[in-house]
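Asker: Just one file: upload-v3.csv, with CSV, C-alpha atoms.
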```
chain,number,residue,atom,x,y,z
F,1,MET,CA,0.0,0.0,0.0
F,2,VAL,CA,1.1,3.6,-0.6
F,3,GLY,CA,0.3,6.6,1.4
F,4,LEU,CA,-2.6,8.8,0.2
F,5,TYR,CA,-0.4,12.0,0.1
F,6,ALA,CA,2.3,10.3,-1.9
F,7,ALA,CA,-0.2,9.3,-4.6
F,8,PHE,CA,-2.5,12.3,-4.5
F,9,GLY,CA,-0.3,15.1,-3.2
F,10,ALA,CA,-0.9,17.2,-6.3
F,11,ILE,CA,-4.7,17.0,-5.9
F,12,ALA,CA,-5.2,16.8,-2.1
F,13,GLY,CA,-7.7,19.5,-1.2
F,14,SER,CA,-9.1,19.5,-4.8
F,15,ARG,CA,-12.6,18.2,-5.5
F,16,GLY,CA,-11.0,15.0,-6.8
F,17,PRO,CA,-12.4,12.5,-9.2
F,18,VAL,CA,-16.0,12.5,-10.1
F,19,LEU,CA,-18.0,9.4,-11.1
F,20,PRO,CA,-21.5,9.3,-12.7
F,21,ALA,CA,-24.2,10.1,-10.2
F,22,GLN,CA,-25.6,6.6,-9.7
F,23,ASP,CA,-25.3,6.5,-5.9
F,24,VAL,CA,-25.0,10.1,-4.8
F,25,CYS,CA,-26.8,13.4,-4.4
F,26,VAL,CA,-25.1,15.8,-6.8
F,27,THR,CA,-27.5,18.6,-6.1
F,28,ARG,CA,-28.4,19.5,-9.7
F,29,PRO,CA,-31.8,21.3,-10.1
F,30,ALA,CA,-34.7,18.9,-10.0
F,31,GLN,CA,-36.6,19.9,-13.0
F,32,THR,CA,-40.3,19.1,-13.7
F,33,ARG,CA,-40.5,17.6,-17.1
F,34,SER,CA,-43.6,16.7,-19.1
F,35,VAL,CA,-43.7,13.0,-19.8
F,36,GLY,CA,-45.3,11.5,-22.9
F,37,ALA,CA,-45.8,8.1,-21.4
F,38,ARG,CA,-48.2,7.6,-18.4
F,39,MET,CA,-46.9,6.7,-15.0
F,40,PRO,CA,-46.0,3.0,-14.7
F,41,ALA,CA,-48.9,0.7,-13.9
F,42,ASP,CA,-47.1,-0.8,-10.9
F,43,LEU,CA,-45.7,1.2,-8.0
F,44,SER,CA,-42.3,2.7,-8.9
F,45,PHE,CA,-39.5,4.0,-6.8
F,46,ALA,CA,-36.5,6.1,-7.8
F,47,GLY,CA,-33.6,7.4,-5.7
F,48,THR,CA,-30.6,6.8,-3.6
F,49,ARG,CA,-28.6,3.6,-3.3
F,50,LEU,CA,-29.1,3.6,0.4
F,51,PHE,CA,-32.7,2.7,0.0
F,52,LYS,CA,-32.1,0.1,-2.6
F,53,GLU,CA,-29.4,-1.7,-0.7
F,54,GLY,CA,-30.6,-0.9,2.8
F,55,PHE,CA,-34.0,-2.4,2.6
F,56,LEU,CA,-36.0,-1.7,-0.6
F,57,ASP,CA,-35.0,-4.6,-2.8
F,58,GLU,CA,-35.8,-7.0,0.1
F,59,LEU,CA,-39.0,-5.1,1.0
F,60,ALA,CA,-40.3,-5.1,-2.6
F,61,GLN,CA,-39.8,-8.9,-2.9
F,62,ALA,CA,-41.5,-9.5,0.4
F,63,PHE,CA,-44.3,-7.2,-0.5
F,64,MET,CA,-44.9,-9.1,-3.8
F,65,GLN,CA,-44.9,-12.4,-1.9
F,66,HIS,CA,-47.5,-11.2,0.5
F,67,THR,CA,-49.7,-9.2,-1.8
F,68,GLY,CA,-48.9,-10.2,-5.4
F,69,ARG,CA,-48.2,-6.6,-6.2
F,70,ARG,CA,-45.0,-5.5,-7.9
F,71,VAL,CA,-42.7,-2.6,-7.0
F,72,HIS,CA,-40.3,-1.3,-9.6
F,73,VAL,CA,-37.0,-0.1,-8.0
F,74,LEU,CA,-35.2,2.3,-10.3
F,75,GLY,CA,-31.6,3.6,-10.0
F,76,GLY,CA,-30.1,7.0,-9.5
F,77,GLY,CA,-29.3,9.3,-6.7
F,78,CYS,CA,-31.4,11.6,-4.5
F,79,ASP,CA,-31.7,14.2,-7.2
F,80,ASP,CA,-32.8,11.6,-9.7
F,81,GLY,CA,-35.5,10.6,-7.3
F,82,ILE,CA,-36.7,14.2,-6.9
F,83,ALA,CA,-36.7,14.7,-10.7
F,84,ALA,CA,-38.6,11.5,-11.3
F,85,VAL,CA,-41.3,12.4,-8.8
F,86,ARG,CA,-41.6,15.9,-10.0
F,87,GLY,CA,-41.7,14.8,-13.6
F,88,MET,CA,-44.2,12.1,-12.8
F,89,MET,CA,-41.9,9.3,-13.9
F,90,ALA,CA,-42.0,7.5,-10.5
F,91,HIS,CA,-44.6,7.5,-7.8
F,92,VAL,CA,-42.1,7.6,-4.9
F,93,GLY,CA,-38.6,8.9,-4.5
F,94,GLY,CA,-35.9,8.5,-1.9
F,95,LEU,CA,-34.0,11.2,-0.1
F,96,CYS,CA,-31.2,10.6,2.4
F,97,CYS,CA,-31.1,14.3,3.5
F,98,PRO,CA,-33.8,16.4,5.3
F,99,VAL,CA,-36.6,17.5,2.9
F,100,ARG,CA,-36.3,21.1,4.2
F,101,GLY,CA,-33.8,23.0,2.1
F,102,SER,CA,-33.6,20.3,-0.6
F,103,GLY,CA,-35.0,20.1,-4.1
F,104,ALA,CA,-37.8,18.0,-2.6
F,105,GLN,CA,-39.1,20.9,-0.5
F,106,GLY,CA,-42.8,21.4,-1.1
F,107,LEU,CA,-43.4,17.7,-1.9
F,108,ASP,CA,-45.2,15.4,0.5
F,109,HIS,CA,-43.0,13.0,2.3
F,110,LEU,CA,-42.9,10.3,5.0
F,111,ILE,CA,-39.8,9.5,7.0
F,112,VAL,CA,-39.2,5.7,7.1
F,113,GLY,CA,-36.0,5.5,9.1
F,114,HIS,CA,-32.6,6.8,10.1
F,115,ASP,CA,-29.3,5.8,8.4
F,116,VAL,CA,-26.4,5.2,10.7
F,117,LYS,CA,-23.2,7.0,9.6
F,118,ALA,CA,-20.0,5.2,10.6
F,119,VAL,CA,-16.5,6.5,11.0
F,120,LEU,CA,-14.6,4.2,8.7
F,121,ALA,CA,-10.8,3.7,8.4
F,122,HIS,CA,-8.2,1.6,6.6
F,123,PRO,CA,-7.3,-1.4,8.7
F,124,SER,CA,-3.8,0.2,9.3
F,125,VAL,CA,-5.3,3.0,11.3
F,126,PRO,CA,-3.7,2.6,14.8
F,127,ILE,CA,-6.7,3.6,16.9
F,128,ASP,CA,-10.1,2.1,17.5
F,129,ASP,CA,-12.0,5.0,19.2
F,130,LEU,CA,-12.3,8.8,18.6
F,131,ARG,CA,-13.7,11.4,20.8
F,132,TRP,CA,-16.5,13.4,19.2
F,133,ASP,CA,-14.6,16.7,19.5
F,134,ASP,CA,-11.5,15.1,18.0
F,135,LEU,CA,-13.6,13.9,15.1
F,136,ARG,CA,-14.9,17.4,14.5
F,137,HIS,CA,-11.3,18.9,14.7
F,138,LEU,CA,-10.1,16.2,12.3
F,139,VAL,CA,-12.6,16.8,9.6
F,140,ALA,CA,-12.0,20.5,9.9
F,141,GLY,CA,-8.3,20.2,9.5
F,142,ARG,CA,-7.3,21.2,13.1
F,143,ILE,CA,-6.0,17.7,13.7
F,144,THR,CA,-3.8,16.6,10.9
F,145,THR,CA,-1.4,13.8,12.2
F,146,TRP,CA,-2.1,10.5,13.9
F,147,SER,CA,0.4,11.5,16.6
F,148,GLN,CA,-2.2,14.1,17.9
F,149,LEU,CA,-4.4,11.1,18.6
F,150,GLY,CA,-1.8,8.8,20.2
F,151,GLY,CA,-0.6,7.2,17.0
F,152,PRO,CA,2.5,7.5,14.8
F,153,ASN,CA,3.8,10.8,13.5
F,154,ARG,CA,2.1,10.3,10.1
F,155,PRO,CA,-0.4,12.5,8.2
F,156,ILE,CA,-4.1,11.7,8.5
F,157,PRO,CA,-5.5,11.1,5.0
F,158,LEU,CA,-9.0,12.3,5.3
F,159,VAL,CA,-11.4,11.2,2.5
F,160,VAL,CA,-14.6,13.2,2.3
F,161,HIS,CA,-17.8,12.0,0.7
F,162,ASP,CA,-18.6,15.4,-0.8
F,163,HIS,CA,-22.3,15.1,-1.7
F,164,CYS,CA,-25.5,17.2,-1.4
F,165,PRO,CA,-23.5,20.5,-1.3
F,166,ASP,CA,-26.6,22.6,-1.4
F,167,TYR,CA,-28.7,20.5,1.0
F,168,ILE,CA,-28.5,20.0,4.7
F,169,GLU,CA,-26.3,16.9,4.4
F,170,PRO,CA,-26.5,15.1,7.8
F,171,ALA,CA,-22.8,14.3,8.5
F,172,ARG,CA,-21.6,17.7,7.3
F,173,ASP,CA,-24.4,19.3,9.4
F,174,LEU,CA,-23.5,17.4,12.6
F,175,LEU,CA,-19.7,17.8,12.2
F,176,LEU,CA,-19.4,21.3,10.6
F,177,LYS,CA,-22.8,22.9,11.1
F,178,ASN,CA,-23.5,22.2,7.4
F,179,ARG,CA,-20.6,24.5,6.3
F,180,PRO,CA,-18.3,22.9,3.8
F,181,GLU,CA,-15.3,23.8,5.8
F,182,TRP,CA,-13.5,20.4,5.4
F,183,SER,CA,-9.8,20.1,5.9
F,184,ARG,CA,-7.8,21.6,3.0
F,185,ARG,CA,-5.7,18.4,2.9
F,186,ALA,CA,-8.8,16.2,2.3
F,187,LEU,CA,-9.4,14.3,-0.9
F,188,PHE,CA,-13.0,14.5,-2.1
F,189,ALA,CA,-15.1,11.8,-3.6
F,190,LYS,CA,-18.4,12.4,-5.3
F,191,THR,CA,-19.8,8.9,-5.0
F,192,ASP,CA,-20.3,6.4,-2.1
F,193,GLN,CA,-18.3,3.8,-4.0
F,194,LYS,CA,-15.4,6.0,-4.9
F,195,HIS,CA,-15.2,7.1,-1.2
F,196,LEU,CA,-15.2,3.5,0.0
F,197,ASP,CA,-12.6,2.5,-2.7
F,198,LEU,CA,-10.2,5.3,-1.6
F,199,LEU,CA,-10.6,4.3,2.1
F,200,MET,CA,-9.8,0.7,1.3
F,201,ARG,CA,-6.8,1.6,-0.9
F,202,PHE,CA,-4.7,4.0,1.2
F,203,ASP,CA,-2.9,3.4,4.4
F,204,LEU,CA,-4.1,5.3,7.5
F,205,SER,CA,-7.1,6.9,5.7
F,206,ILE,CA,-10.3,7.8,7.5
F,207,GLY,CA,-13.8,9.0,6.5
F,208,VAL,CA,-17.5,8.9,7.2
F,209,ASN,CA,-20.1,6.8,5.2
F,210,SER,CA,-23.3,4.9,5.6
F,211,TRP,CA,-23.2,1.7,7.7
F,212,ILE,CA,-25.5,0.2,5.1
F,213,LEU,CA,-22.8,0.3,2.5
F,214,ALA,CA,-19.8,-0.2,4.9
F,215,GLU,CA,-21.0,-3.2,6.9
F,216,PRO,CA,-20.0,-6.0,4.4
F,217,LEU,CA,-16.6,-4.3,3.9
F,218,VAL,CA,-16.0,-4.2,7.6
F,219,ALA,CA,-17.1,-7.8,7.9
F,220,ALA,CA,-14.6,-8.8,5.2
F,221,GLY,CA,-11.8,-7.0,7.0
F,222,LYS,CA,-11.3,-4.4,4.2
F,223,LEU,CA,-12.2,-1.5,6.4
F,224,LYS,CA,-12.5,-1.0,10.2
F,225,ARG,CA,-15.1,1.1,12.0
F,226,LEU,CA,-14.2,3.3,14.9
F,227,THR,CA,-16.3,3.9,18.0
F,228,ILE,CA,-17.1,7.5,19.0
F,229,ASP,CA,-16.6,8.1,22.7
F,230,GLY,CA,-16.6,4.3,23.1
F,231,VAL,CA,-19.9,3.8,21.4
F,232,GLN,CA,-20.3,1.6,18.4
F,233,PRO,CA,-22.5,2.8,15.5
F,234,GLY,CA,-25.6,0.7,15.4
F,235,ILE,CA,-29.4,0.5,15.7
F,236,ASP,CA,-29.4,-0.1,19.5
F,237,SER,CA,-27.0,2.8,20.2
F,238,VAL,CA,-29.0,5.2,18.1
F,239,ARG,CA,-32.2,4.2,19.7
F,240,ALA,CA,-30.6,4.7,23.1
F,241,ARG,CA,-29.5,8.2,21.9
F,242,ARG,CA,-25.9,7.3,22.7
F,243,TYR,CA,-24.8,7.6,19.0
F,244,ARG,CA,-25.5,10.8,17.2
F,245,LEU,CA,-24.1,10.4,13.7
F,246,THR,CA,-27.3,9.6,11.7
F,247,GLY,CA,-29.3,10.9,8.8
F,248,PRO,CA,-33.0,10.7,7.9
F,249,MET,CA,-34.4,8.4,5.2
F,250,ASN,CA,-37.4,10.1,3.6
F,251,MET,CA,-39.8,8.9,0.9
F,252,ILE,CA,-41.2,11.7,-1.2
F,253,PHE,CA,-44.2,11.9,-3.5
F,254,ARG,CA,-46.0,14.4,-5.6
F,255,GLU,CA,-49.4,12.8,-5.6
F,256,TRP,CA,-51.0,10.2,-3.3
F,257,HIS,CA,-52.2,7.2,-5.4
F,258,ALA,CA,-54.1,5.4,-2.8
F,259,ASP,CA,-54.7,2.2,-4.7
F,260,LEU,CA,-51.0,1.7,-5.3
F,261,MET,CA,-49.3,3.5,-2.4
F,262,ALA,CA,-51.5,2.7,0.6
F,263,PRO,CA,-50.9,-1.1,0.5
F,264,PHE,CA,-47.2,-0.5,0.1
F,265,PHE,CA,-46.9,1.9,3.0
F,266,ASP,CA,-49.2,-0.2,5.2
F,267,PHE,CA,-46.7,-3.1,4.6
F,268,LEU,CA,-43.6,-0.9,5.2
F,269,TYR,CA,-45.0,0.4,8.5
F,270,GLY,CA,-46.4,-3.1,9.4
F,271,GLU,CA,-44.6,-5.9,11.3
F,272,VAL,CA,-42.8,-7.5,8.4
F,273,GLY,CA,-41.7,-4.2,6.9
F,274,GLN,CA,-40.4,-2.9,10.2
F,275,LYS,CA,-38.3,-6.1,10.7
F,276,ILE,CA,-36.8,-5.7,7.2
F,277,LEU,CA,-35.9,-2.1,7.8
F,278,ALA,CA,-34.4,-2.8,11.2
F,279,ARG,CA,-31.8,-5.1,9.8
F,280,ARG,CA,-29.8,-2.3,8.2
F,281,MET,CA,-31.1,1.0,9.7
F,282,VAL,CA,-33.3,2.4,12.5
F,283,PRO,CA,-36.9,2.2,11.4
F,284,VAL,CA,-39.4,4.9,12.2
F,285,PRO,CA,-42.9,3.5,13.2
F,286,ALA,CA,-46.1,4.7,11.6
F,287,SER,CA,-47.1,6.8,14.7
F,288,ALA,CA,-43.9,8.8,14.6
F,289,ALA,CA,-44.0,9.2,10.9
F,290,GLY,CA,-47.5,10.5,11.0
F,291,TYR,CA,-48.9,7.8,8.7
F,292,PRO,CA,-51.7,7.6,7.7
F,293,ARG,CA,-52.9,10.7,9.7
F,294,LEU,CA,-50.6,13.0,7.7
F,295,LEU,CA,-52.4,12.0,4.4
F,296,ARG,CA,-55.8,13.0,5.8
F,297,THR,CA,-54.8,16.6,6.5
```
In structure tokens, how does this file's structure come out?
Answerer:
Amino acid sequence: MVGLYAAFGAIAGSRGPVLPAQDVCVTRPAQTRSVGARMPADLSFAGTRLFKEGFLDELAQAFMQHTGRRVHVLGGGCDDGIAAVRGMMAHVGGLCCPVRGSGAQGLDHLIVGHDVKAVLAHPSVPIDDLRWDDLRHLVAGRITTWSQLGGPNRPIPLVVHDHCPDYIEPARDLLLKNRPEWSRRALFAKTDQKHLDLLMRFDLSIGVNSWILAEPLVAAGKLKRLTIDGVQPGIDSVRARRYRLTGPMNMIFREWHADLMAPFFDFLYGEVGQKILARRMVPVPASAAGYPRLLRT
């Protein structure tokens, strides 16, 4: 393995390589487009990879087994979900940021869960725990070497998942009060996959990403997760309010098509759906989400 700064010294602090927006919010304007074809006959969903890999593929299969109804799960990122819903190309979209301040503002929405954000590191990182304040100083560039955290006198290669720049992105909001004041030495990745690839590639690197995507990589020993103030990221620690690095998972829609959408959301907020969600994220029950009361107002 080579060090991050040896390989990327010329571009550290730049916005780095950009991949197609298949798994990321890129914050382009969500335009409403006229569509020649009618909406799909079956319920359709478009949006972020976190929904698809976190629970939606499994939920759609279980929903079909229980009801005989199909759900089409389309690709794209958060902005694709917003554009598809506004352009009436999909019934439901996914958004892994708050609706307020996003391109989905003004659309109806239901929160379905909370994504757990994990502090991830290359296996060579010499520590297993970070204090919350140290993490904030690290991402802002006030801590720049591992020796400041009890490790070797080596630079800290910070890899930033730089997405949703115009939205209230959860990790950036919690760590930097939503200001993009990342360390000037950081390398920026525009997609989840590029971010994870860089963390796996470079010695001593560190960053924050969704536990939904990181869990299999940690299980395979390709990455390690750090605790924050001794607390592991996970569903139980979030529910106990001991772990604060999380983000909302919202489903957005322009119109309520009761014949298609009500059976799906009944299933999602029901016993089977909640169990599926709880395997990879922190589910929000119907009462807390305001379903179905919200739809009657």
Asker: For Arg49 in chain F, which of F:Met249, F:Val71, F:Ala278, F:Met88 is the closest residue, counting all atoms listed in the file?
Answerer: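 Selected residue with least distance to Arg49 in chain F: F:Met249.
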Asker: What does the structure give for the distance between CA of Val159 in chain F and CA of Ala186 in chain F, in Å to one decimal?
Answerer: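 Spanning CA of Val159 in chain F to CA of Ala186 in chain F is a straight-line distance of 5.6 Å.
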Asker: Kindly indicate which residue among F:Leu107, F:Leu43, F:Val282, F:Cys96 lies nearest to Ala60 in chain F, using all atoms listed in the file for the distances.
Answerer: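 Distance minimum relative to Ala60 in chain F lands on F:Leu43.
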Asker: Got a sec: who's within 12 Å of Glu181 in chain F, counting all atoms listed in the file, leaving out chain neighbours fewer than 5 positions off, as a ChimeraX atom specification?
Answerer: /F:13,136-142,160,162,165,172-173,175-176,186
Asker: Nearest to Arg225 in chain F among F:Glu58, F:Asp129, F:Asp108, F:Asp79, with distances taken over only C-alpha atoms: which residue is it?
Answerer: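 Using only C-alpha atoms, Arg225 in chain F sits closest to F:Asp129.
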Asker: Determine the nearest neighbour of Leu213 in chain F from the options F:Asp192, F:Asp42, F:Asp197, F:Glu169, counting all atoms listed in the file.
Answerer: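 Closest to Leu213 in chain F of all the choices is F:Asp192.
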Asker: Could you pull the residues within 9 Å of Val231 in chain F, counting only C-alpha atoms, minus those fewer than 6 positions along the same chain, as a list of chain:residue names?
Answerer: F:Asp129, F:Ser237, F:Arg242, F:Tyr243
Asker: Just to confirm, what's the straight-line distance from CA of Phe188 in chain F to CA of Val125 in chain F in Å (one decimal)?
Answerer: 19.3 Å
Asker: For Phe265 in chain F, find every residue with an atom within 12 Å (counting only C-alpha atoms), except residues of its own chain fewer than 2 positions away, and show them as JSON, numbers by chain.
Answerer: {"F": [43, 59, 60, 63, 71, 92, 109, 110, 111, 112, 251, 256, 257, 258, 259, 260, 261, 262, 263, 267, 268, 269, 270, 271, 272, 273, 274, 285, 286, 289, 290, 291, 292, 295]}
Asker: Neighbours of Leu95 in chain F within 10 Å (all atoms listed in the file; same-chain residues fewer than 6 positions away dropped), as a list in words?
Answerer: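 Skipping anything fewer than 6 positions along the chain leaves Cys25, Ala46, Gly47, Thr48, Arg49, Leu50, Phe51, Gly77, Cys78, Asp79, Asp80, Gly81, Ile82, Ser102, Gly103, Ala104, His109, Ile111, Pro248, Met249, Asn250, Met251 and Ile252 of chain F.
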Asker: Could you turn the residues from that selection into a file that holds C-alpha atoms, as a PDB file, in the coordinates of the input?
Answerer:
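Result went into part_22.pdb, see below:
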```
ATOM      1  CA  CYS F  25     -26.800  13.400  -4.400  1.00  0.00           C
ATOM      2  CA  ALA F  46     -36.500   6.100  -7.800  1.00  0.00           C
ATOM      3  CA  GLY F  47     -33.600   7.400  -5.700  1.00  0.00           C
ATOM      4  CA  THR F  48     -30.600   6.800  -3.600  1.00  0.00           C
ATOM      5  CA  ARG F  49     -28.600   3.600  -3.300  1.00  0.00           C
ATOM      6  CA  LEU F  50     -29.100   3.600   0.400  1.00  0.00           C
ATOM      7  CA  PHE F  51     -32.700   2.700   0.000  1.00  0.00           C
ATOM      8  CA  GLY F  77     -29.300   9.300  -6.700  1.00  0.00           C
ATOM      9  CA  CYS F  78     -31.400  11.600  -4.500  1.00  0.00           C
ATOM     10  CA  ASP F  79     -31.700  14.200  -7.200  1.00  0.00           C
ATOM     11  CA  ASP F  80     -32.800  11.600  -9.700  1.00  0.00           C
ATOM     12  CA  GLY F  81     -35.500  10.600  -7.300  1.00  0.00           C
ATOM     13  CA  ILE F  82     -36.700  14.200  -6.900  1.00  0.00           C
ATOM     14  CA  SER F 102     -33.600  20.300  -0.600  1.00  0.00           C
ATOM     15  CA  GLY F 103     -35.000  20.100  -4.100  1.00  0.00           C
ATOM     16  CA  ALA F 104     -37.800  18.000  -2.600  1.00  0.00           C
ATOM     17  CA  HIS F 109     -43.000  13.000   2.300  1.00  0.00           C
ATOM     18  CA  ILE F 111     -39.800   9.500   7.000  1.00  0.00           C
ATOM     19  CA  PRO F 248     -33.000  10.700   7.900  1.00  0.00           C
ATOM     20  CA  MET F 249     -34.400   8.400   5.200  1.00  0.00           C
ATOM     21  CA  ASN F 250     -37.400  10.100   3.600  1.00  0.00           C
ATOM     22  CA  MET F 251     -39.800   8.900   0.900  1.00  0.00           C
ATOM     23  CA  ILE F 252     -41.200  11.700  -1.200  1.00  0.00           C
TER      24      ILE F 252
END
```
Asker: Give me, please, the distance in Å between CA of Ile143 in chain F and CA of Pro155 in chain F, quoted to one decimal.
Answerer: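 Going from CA of Ile143 in chain F over to CA of Pro155 in chain F, I get 9.4 Å.
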Asker: List as a PyMOL selection string the protein and nucleic acid residues near Gly221 in chain F, meaning an atom at most 10 Å away when only C-alpha atoms are counted, but skip any in the same chain fewer than 6 places from it.
Answerer: chain F and resi 122-123+200+215
Asker: So, counting only C-alpha atoms, which residue among F:Leu135, F:Leu294, F:Val238, F:Ala41 is closest to His91 in chain F?
Answerer: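 Among F:Leu135, F:Leu294, F:Val238, F:Ala41, it is F:Ala41 that comes nearest to His91 in chain F.
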Asker: With only C-alpha atoms as the basis for distance, which of F:Gly207, F:Gly76, F:Pro283, F:Pro98 is at the shortest distance from Pro170 in chain F?
Answerer: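 Smallest separation from Pro170 in chain F among the options: F:Pro98.
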